[in-house]
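S.K.: This structure is in structure tokens; I'll ask about it shortly.
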Amino acid sequence: MSRLTNTPLTDLYSLLQPITVASHASSFHNWAHTFHCTPLTIFEPESAYHCELILELARREKKVVRAAGVGHSPSDIACTNEFLLRTQKLNRLLSVDVEKRRVTVEAGITLNELHAHLARHDLAMMNVGSISDQTLGGVVTTATHGSGITYGVISTHVRSLTLLLADGTYVSCSRREHSDLFTASICGLGATGLIISVELEVEPAFRLKEIAESRPFDDVLDNLDEIAHSAEHVRLAWTPSADRVRVGMMNRTQEPKTIDGSWFWDILMAFHVLQLILFIGRYISAVTNFAGHFICWLGGPRSVRVDDSHRIFNLDCLFLQYTTEWAVPYSNAQDCLRDLHDWLHREYQDPYGLRPHFPIEIRFSAPDDIWLSPSRGQETCWIGIVQFKPYGLSVPYRKLFAGFEDILAKNGGRPHWAKAHSLHRDALRKLYPHFDDFVQVLERVDPHGLFRNEYIQRHFFDIPIPARLFKLRQT
């Protein structure tokens, strides 16, 4: 039972007033400006005690509470029309154990903030995805991944969690303590409880050397297994209109950092000129094809970079974008990529066909045992597609994404949880053998659905909530 049960309601309102966002600013949109909601109330807690107050009020008023970090997920997973709890002020470093290579932090810390803390202790995350803007809590609860066929999703590096449950009690969980709750929560989509702190395994700080080469698509596909195992971390960036793949091979190194970057090439050409080309491509589809050749030309045939690990792992997302990503069994990767290639080739042959942007990002991860992880039980190939929004303007994407998802699904794909998808309970149950175990944990720790926002209700409980409820505009 919560220690706040006997607190008068008027006192609750007074205690919450300093962390309540003014009503005229009470709206939320994700980073890409593709989903938007206007919650009944937005709170910005600065401590775990503040979170207790929010949950106490939600229980009394029978409201849903949804935690949201920086809103980088390109879906409505963070949206709600009820109580929104922003975690950006829950970003403290709690402890560091250099000898054991463990760090404990509040879940609202962004990866960029975490990198800075770790660097001061000569430590680093073991693997990182393409960006570091998102919160660690968001990364963990969606089983976000980096790349490396022998590296698991980032949730596999979590050693323990502290959760604030729906009833107001705290619980520490790990693989040894409340293991079912832990396994559910390290890909729990924010539905098992509010993650207060995360204990993360890290490693001594390291530099990465990335060798990137431009190769023909067929060459890469024919040698995919060799390429995927050619370095500690491998990522591929496929530009369909040019039929070429940028193969990035990253290994730990002691070599000195390289001097990288140029205003002319990186800012003027690769950002401003490219955005202008994509803008024109909204009206003249052939120009979109040229944009792919342009970006391949900018990259050149080969490049070499050495820098701190997270700076090599991370990429510039360039522009606001629509995106989706699926994970297919590694054993199906070649067939899946060939199916995608054949489909897009047919589209290019049609003067009115679809014109995808770039890159189609291809990465890899090791198997894990996390109930809802897309990598559960299998080596995995992650395939993601984007459509940029030049100058923030909308572009057609729904037909393209539907065709993409159909091919990925036929090849055994599972959607990335942070990204929009159309799967519901029956389809998810077939993909995840422990789906019902996960739901049973939800019903045990949150029987009244305090943390079940519209996304969770739609995809896990088949409540008929439109997938485009929180869309900013129809496209």
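Here's how to read the names in the structure tokens: chain A, B, ... by the order shown, residue numbers from 1 in each chain, ligand numbers from 1 in the order shown.
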Which residues, written as a PDB file with all heavy atoms, in the first residue's frame, have at least one atom at most 10 Å from Phe290 of chain A, with only C-alpha atoms counted and residues fewer than 6 positions away on the same chain left out?
M.R.:
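So the final result, stored in around37.pdb, reads:
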```
ATOM      1  N   SER A 241      17.975   3.360 -54.963  1.00  0.00           N
ATOM      2  CA  SER A 241      17.991   3.969 -56.296  1.00  0.00           C
ATOM      3  C   SER A 241      19.350   3.857 -56.963  1.00  0.00           C
ATOM      4  O   SER A 241      19.456   3.838 -58.193  1.00  0.00           O
ATOM      5  CB  SER A 241      17.570   5.436 -56.211  1.00  0.00           C
ATOM      6  OG  SER A 241      18.456   6.179 -55.390  1.00  0.00           O
ATOM      7  N   ALA A 242      20.413   3.773 -56.162  1.00  0.00           N
ATOM      8  CA  ALA A 242      21.764   3.618 -56.703  1.00  0.00           C
ATOM      9  C   ALA A 242      22.205   2.158 -56.709  1.00  0.00           C
ATOM     10  O   ALA A 242      23.259   1.832 -57.269  1.00  0.00           O
ATOM     11  CB  ALA A 242      22.761   4.448 -55.893  1.00  0.00           C
ATOM     12  N   ILE A 277      17.079  18.948 -52.574  1.00  0.00           N
ATOM     13  CA  ILE A 277      16.795  17.920 -53.582  1.00  0.00           C
ATOM     14  C   ILE A 277      15.579  17.089 -53.157  1.00  0.00           C
ATOM     15  O   ILE A 277      14.691  16.795 -53.972  1.00  0.00           O
ATOM     16  CB  ILE A 277      18.031  17.020 -53.785  1.00  0.00           C
ATOM     17  CG1 ILE A 277      19.180  17.823 -54.383  1.00  0.00           C
ATOM     18  CG2 ILE A 277      17.693  15.833 -54.681  1.00  0.00           C
ATOM     19  CD1 ILE A 277      20.504  17.072 -54.408  1.00  0.00           C
ATOM     20  N   LEU A 278      15.526  16.711 -51.891  1.00  0.00           N
ATOM     21  CA  LEU A 278      14.387  15.934 -51.405  1.00  0.00           C
ATOM     22  C   LEU A 278      13.089  16.734 -51.469  1.00  0.00           C
ATOM     23  O   LEU A 278      12.017  16.183 -51.746  1.00  0.00           O
ATOM     24  CB  LEU A 278      14.650  15.474 -49.969  1.00  0.00           C
ATOM     25  CG  LEU A 278      15.760  14.436 -49.799  1.00  0.00           C
ATOM     26  CD1 LEU A 278      16.085  14.245 -48.326  1.00  0.00           C
ATOM     27  CD2 LEU A 278      15.360  13.100 -50.420  1.00  0.00           C
ATOM     28  N   GLY A 281      11.930  16.614 -54.866  1.00  0.00           N
ATOM     29  CA  GLY A 281      11.442  15.267 -55.115  1.00  0.00           C
ATOM     30  C   GLY A 281      10.012  15.043 -54.670  1.00  0.00           C
ATOM     31  O   GLY A 281       9.375  14.077 -55.105  1.00  0.00           O
ATOM     32  N   CYS A 296      25.367   8.831 -52.394  1.00  0.00           N
ATOM     33  CA  CYS A 296      26.437   7.852 -52.613  1.00  0.00           C
ATOM     34  C   CYS A 296      27.710   8.548 -53.103  1.00  0.00           C
ATOM     35  O   CYS A 296      28.831   8.201 -52.693  1.00  0.00           O
ATOM     36  CB  CYS A 296      25.994   6.794 -53.618  1.00  0.00           C
ATOM     37  SG  CYS A 296      24.779   5.625 -52.961  1.00  0.00           S
TER      38      CYS A 296
END
```
S.K.: Just the residues within 9 Å of Ala68 of chain A, please, counting only C-alpha atoms, with nothing from its chain fewer than 4 positions along; format it as an MDAnalysis selection string.
M.R.: chainID A and resid 77:79 84:88 108 138 190
S.K.: My list of candidates is A:Arg215, A:His434, A:Lys419, A:Arg444. Which is closest to Asn30 of chain A when distances are computed with only C-alpha atoms?
M.R.: A:Lys419
S.K.: Counting only C-alpha atoms, which residues of segment 265-312 of chain A sit at most 12 Å from some atom of segment 111-128 of chain A, and what is each one's closest atom pair with its distance in Å to one decimal, listed by chain and rising residue number, as CSV?
M.R.:
```
residue,atom,partner,partner_atom,distance
A:Asp308,CA,A:Ala124,CA,9.1
A:Ser309,CA,A:Ala124,CA,7.6
A:His310,CA,A:Val128,CA,6.5
A:Arg311,CA,A:Val128,CA,9.5
A:Ile312,CA,A:Val128,CA,9.3
```
S.K.: Export, as a PDB file, in the first residue's frame, the selected residues with N, CA, C and O atoms.
M.R.:
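Saved to selection.pdb:
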```pdb
ATOM      1  N   ASP A 308      35.883   8.295 -30.298  1.00  0.00           N
ATOM      2  CA  ASP A 308      35.274   7.659 -29.136  1.00  0.00           C
ATOM      3  C   ASP A 308      34.094   6.803 -29.589  1.00  0.00           C
ATOM      4  O   ASP A 308      33.393   7.139 -30.543  1.00  0.00           O
ATOM      5  N   SER A 309      33.862   5.718 -28.881  1.00  0.00           N
ATOM      6  CA  SER A 309      32.919   4.694 -29.347  1.00  0.00           C
ATOM      7  C   SER A 309      31.553   5.244 -29.720  1.00  0.00           C
ATOM      8  O   SER A 309      31.034   4.975 -30.816  1.00  0.00           O
ATOM      9  N   HIS A 310      30.952   6.043 -28.823  1.00  0.00           N
ATOM     10  CA  HIS A 310      29.589   6.485 -29.107  1.00  0.00           C
ATOM     11  C   HIS A 310      29.526   7.426 -30.303  1.00  0.00           C
ATOM     12  O   HIS A 310      28.500   7.507 -30.981  1.00  0.00           O
ATOM     13  N   ARG A 311      30.615   8.129 -30.589  1.00  0.00           N
ATOM     14  CA  ARG A 311      30.609   9.033 -31.733  1.00  0.00           C
ATOM     15  C   ARG A 311      30.661   8.262 -33.053  1.00  0.00           C
ATOM     16  O   ARG A 311      30.171   8.753 -34.081  1.00  0.00           O
ATOM     17  N   ILE A 312      31.226   7.072 -33.028  1.00  0.00           N
ATOM     18  CA  ILE A 312      31.226   6.228 -34.219  1.00  0.00           C
ATOM     19  C   ILE A 312      29.900   5.472 -34.334  1.00  0.00           C
ATOM     20  O   ILE A 312      29.329   5.348 -35.425  1.00  0.00           O
TER      21      ILE A 312
END
```
S.K.: Can you pull out the residues contacting segment 356-369 of chain A? Cut-off 6 Å, using only C-alpha atoms, and skip same-chain residues under 4 positions away; I want them as an NGL selection string.
M.R.: :A and (147-152 or 235-239 or 375-385 or 387)
S.K.: What is the atom CA of Ala270 of chain A to atom CA of Phe319 of chain A distance in Å?
M.R.: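 Calculated distance between atom CA of Ala270 of chain A and atom CA of Phe319 of chain A is 11.1 Å.
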S.K.: Could you check how far atom CA of Val439 of chain A sits from atom CA of His72 of chain A, in Å to one decimal?
M.R.: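 Value for the atom CA of Val439 of chain A-atom CA of His72 of chain A distance: 25.5 Å.
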S.K.: So that each row is one residue of segment 354-465 of chain A with an atom at most 9 Å from segment 342-349 of chain A, can you give its shortest atom pair and the distance in Å to one decimal, using only C-alpha atoms, rows by chain and rising number, as a tab-separated table?
M.R.:
```
residue	atom	partner	partner_atom	distance
A:Leu354	CA	A:Glu347	CA	5.5
A:Arg355	CA	A:Tyr348	CA	7.1
A:Pro356	CA	A:Leu344	CA	8.3
A:Gly403	CA	A:Trp343	CA	8.5
A:Phe404	CA	A:Trp343	CA	8.9
A:Ile407	CA	A:Trp343	CA	9.0
```
S.K.: List every residue of segment 43-201 of chain A that DSSP, applied to the backbone of this structure, assigns to alpha helix (DSSP H), and report them as a ChimeraX atom specification.
M.R.: /A:48-61,111-120,136-141,179-185
S.K.: Considering only C-alpha atoms, state which residue in the set A:Pro415, A:Gly146, A:Gly193, A:Pro8 is at the smallest distance from Thr323 of chain A.
M.R.: A:Pro415
S.K.: Set the distance at 6 Å and use only C-alpha atoms: which residues neighbour Val234 of chain A once local chain neighbours fewer than 3 positions away are removed? I'd like the list as a PyMOL selection string.
M.R.: chain A and resi 148+228+248-249
S.K.: Can I get the selected residues back with N, CA, C and O atoms, as a PDB file, in the first residue's frame?
M.R.:
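This went into part-v8.pdb:
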```pdb
ATOM      1  N   GLY A 148      25.888  -5.621 -34.192  1.00  0.00           N
ATOM      2  CA  GLY A 148      26.970  -6.549 -33.889  1.00  0.00           C
ATOM      3  C   GLY A 148      26.390  -7.925 -33.696  1.00  0.00           C
ATOM      4  O   GLY A 148      25.601  -8.141 -32.769  1.00  0.00           O
ATOM      5  N   ALA A 228      28.694  -9.764 -42.232  1.00  0.00           N
ATOM      6  CA  ALA A 228      28.126  -9.606 -40.891  1.00  0.00           C
ATOM      7  C   ALA A 228      29.103 -10.031 -39.798  1.00  0.00           C
ATOM      8  O   ALA A 228      29.053  -9.522 -38.674  1.00  0.00           O
ATOM      9  N   GLY A 248      29.680  -0.555 -43.270  1.00  0.00           N
ATOM     10  CA  GLY A 248      30.466   0.008 -42.173  1.00  0.00           C
ATOM     11  C   GLY A 248      30.938  -1.084 -41.231  1.00  0.00           C
ATOM     12  O   GLY A 248      30.124  -1.815 -40.657  1.00  0.00           O
ATOM     13  N   MET A 249      32.254  -1.211 -41.084  1.00  0.00           N
ATOM     14  CA  MET A 249      32.860  -2.250 -40.236  1.00  0.00           C
ATOM     15  C   MET A 249      33.619  -1.561 -39.110  1.00  0.00           C
ATOM     16  O   MET A 249      34.552  -0.789 -39.357  1.00  0.00           O
TER      17      MET A 249
END
```
S.K.: Please report the interatomic distance between atom CA of Phe206 of chain A and atom CA of Pro256 of chain A in Å with one decimal.
M.R.: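 Rounded to one decimal, the two atoms are 11.1 Å apart.
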S.K.: Looking only at strand (DSSP E) from DSSP on the backbone, list the matching residues of segment 193-319 of chain A as JSON, numbers by chain.
M.R.: {"A": [194, 195, 196, 197, 198, 199, 200, 201, 203, 204, 207, 208, 209, 210, 211, 212, 213, 214, 215, 216, 233, 234, 235, 236, 237, 238, 239, 244, 245, 246, 247, 248, 249, 250, 251, 252, 253, 302, 303, 304, 305, 306, 307, 308]}
S.K.: Restricting the calculation to only C-alpha atoms: of A:Ile295, A:Ala420, A:Leu53, A:Ile267, which residue gets closest to Phe401 of chain A?
M.R.: A:Ala420
S.K.: Quick one: of A:Cys37, A:Ala48, A:Ala166, A:Val245, who's nearest to Ser214 of chain A, counting only C-alpha atoms?
M.R.: A:Val245
S.K.: With distances taken over only C-alpha atoms, which residue among A:Thr144, A:Arg305, A:Ser160, A:Ile196 lies nearest Leu181 of chain A?
M.R.: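 Checking each candidate against Leu181 of chain A, we get A:Ser160 as the closest.
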S.K.: Determine the nearest neighbour of Ile131 of chain A from the options A:Trp371, A:Phe313, A:Tyr432, A:Tyr330, counting only C-alpha atoms.
M.R.: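 Looking only at the distances to Ile131 of chain A, the closest residue turns out to be A:Phe313.
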S.K.: What's around Trp265 of chain A at 12 Å? Count only C-alpha atoms, leave out sequence neighbours fewer than 2 positions away in its own chain, and write the answer as a list in words.
M.R.: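 The filter keeps Asp260, Gly261, Ser262, Trp263, Ile267, Leu268, Met269, Ala270, Phe271, His272, Val273, Leu274, Phe294, Ile295, Trp297, Leu298, Gly299 and Gly300 of chain A.
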S.K.: What does the file look like for those residues with N, CA and C atoms, as a PDB file, in the first residue's frame?
M.R.:
```pdb
ATOM      1  N   ASP A 260      37.817  14.757 -38.528  1.00  0.00           N
ATOM      2  CA  ASP A 260      36.725  14.468 -39.449  1.00  0.00           C
ATOM      3  C   ASP A 260      35.801  15.665 -39.534  1.00  0.00           C
ATOM      4  N   GLY A 261      35.222  15.868 -40.694  1.00  0.00           N
ATOM      5  CA  GLY A 261      34.198  16.896 -40.822  1.00  0.00           C
ATOM      6  C   GLY A 261      34.639  18.091 -41.619  1.00  0.00           C
ATOM      7  N   SER A 262      33.709  18.632 -42.354  1.00  0.00           N
ATOM      8  CA  SER A 262      33.938  19.793 -43.200  1.00  0.00           C
ATOM      9  C   SER A 262      32.616  20.521 -43.354  1.00  0.00           C
ATOM     10  N   TRP A 263      32.623  21.820 -43.142  1.00  0.00           N
ATOM     11  CA  TRP A 263      31.375  22.586 -43.274  1.00  0.00           C
ATOM     12  C   TRP A 263      30.815  22.455 -44.689  1.00  0.00           C
ATOM     13  N   ILE A 267      27.780  20.070 -43.999  1.00  0.00           N
ATOM     14  CA  ILE A 267      26.666  20.969 -43.706  1.00  0.00           C
ATOM     15  C   ILE A 267      26.012  21.478 -44.996  1.00  0.00           C
ATOM     16  N   LEU A 268      26.788  22.091 -45.853  1.00  0.00           N
ATOM     17  CA  LEU A 268      26.203  22.657 -47.064  1.00  0.00           C
ATOM     18  C   LEU A 268      25.686  21.572 -48.001  1.00  0.00           C
ATOM     19  N   MET A 269      26.562  20.612 -48.359  1.00  0.00           N
ATOM     20  CA  MET A 269      26.194  19.622 -49.359  1.00  0.00           C
ATOM     21  C   MET A 269      25.303  18.522 -48.785  1.00  0.00           C
ATOM     22  N   ALA A 270      25.754  17.885 -47.680  1.00  0.00           N
ATOM     23  CA  ALA A 270      25.065  16.704 -47.163  1.00  0.00           C
ATOM     24  C   ALA A 270      23.821  17.041 -46.347  1.00  0.00           C
ATOM     25  N   PHE A 271      23.610  18.322 -46.063  1.00  0.00           N
ATOM     26  CA  PHE A 271      22.389  18.700 -45.339  1.00  0.00           C
ATOM     27  C   PHE A 271      21.534  19.646 -46.184  1.00  0.00           C
ATOM     28  N   HIS A 272      22.037  20.845 -46.444  1.00  0.00           N
ATOM     29  CA  HIS A 272      21.199  21.851 -47.107  1.00  0.00           C
ATOM     30  C   HIS A 272      20.890  21.503 -48.564  1.00  0.00           C
ATOM     31  N   VAL A 273      21.909  21.118 -49.324  1.00  0.00           N
ATOM     32  CA  VAL A 273      21.654  20.774 -50.728  1.00  0.00           C
ATOM     33  C   VAL A 273      20.800  19.510 -50.810  1.00  0.00           C
ATOM     34  N   LEU A 274      21.118  18.521 -49.985  1.00  0.00           N
ATOM     35  CA  LEU A 274      20.336  17.286 -49.995  1.00  0.00           C
ATOM     36  C   LEU A 274      18.877  17.547 -49.630  1.00  0.00           C
ATOM     37  N   PHE A 294      23.263  11.056 -55.391  1.00  0.00           N
ATOM     38  CA  PHE A 294      23.999  12.194 -54.821  1.00  0.00           C
ATOM     39  C   PHE A 294      24.624  11.814 -53.481  1.00  0.00           C
ATOM     40  N   ILE A 295      23.854  11.138 -52.621  1.00  0.00           N
ATOM     41  CA  ILE A 295      24.387  10.793 -51.308  1.00  0.00           C
ATOM     42  C   ILE A 295      25.492   9.744 -51.435  1.00  0.00           C
ATOM     43  N   TRP A 297      27.544   9.528 -53.972  1.00  0.00           N
ATOM     44  CA  TRP A 297      28.687  10.283 -54.465  1.00  0.00           C
ATOM     45  C   TRP A 297      29.377  11.043 -53.335  1.00  0.00           C
ATOM     46  N   LEU A 298      28.587  11.626 -52.452  1.00  0.00           N
ATOM     47  CA  LEU A 298      29.163  12.351 -51.315  1.00  0.00           C
ATOM     48  C   LEU A 298      29.987  11.425 -50.419  1.00  0.00           C
ATOM     49  N   GLY A 299      29.501  10.198 -50.223  1.00  0.00           N
ATOM     50  CA  GLY A 299      30.200   9.273 -49.341  1.00  0.00           C
ATOM     51  C   GLY A 299      31.511   8.767 -49.905  1.00  0.00           C
ATOM     52  N   GLY A 300      31.616   8.773 -51.228  1.00  0.00           N
ATOM     53  CA  GLY A 300      32.847   8.287 -51.846  1.00  0.00           C
ATOM     54  C   GLY A 300      32.968   6.780 -51.762  1.00  0.00           C
TER      55      GLY A 300
END
```
S.K.: Contacts of Gln17 of chain A at 12 Å or less, counting only C-alpha atoms, minus same-chain residues fewer than 3 places along, as a list in words?
M.R.: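 The neighbour list is Thr10, Asp11, Leu12, Tyr13, Ser14, Thr20, Val21, Ala22, Ser23, Thr41, Ile42, Phe43, Glu44, Pro45, His50, Leu53 and Ile54 of chain A.
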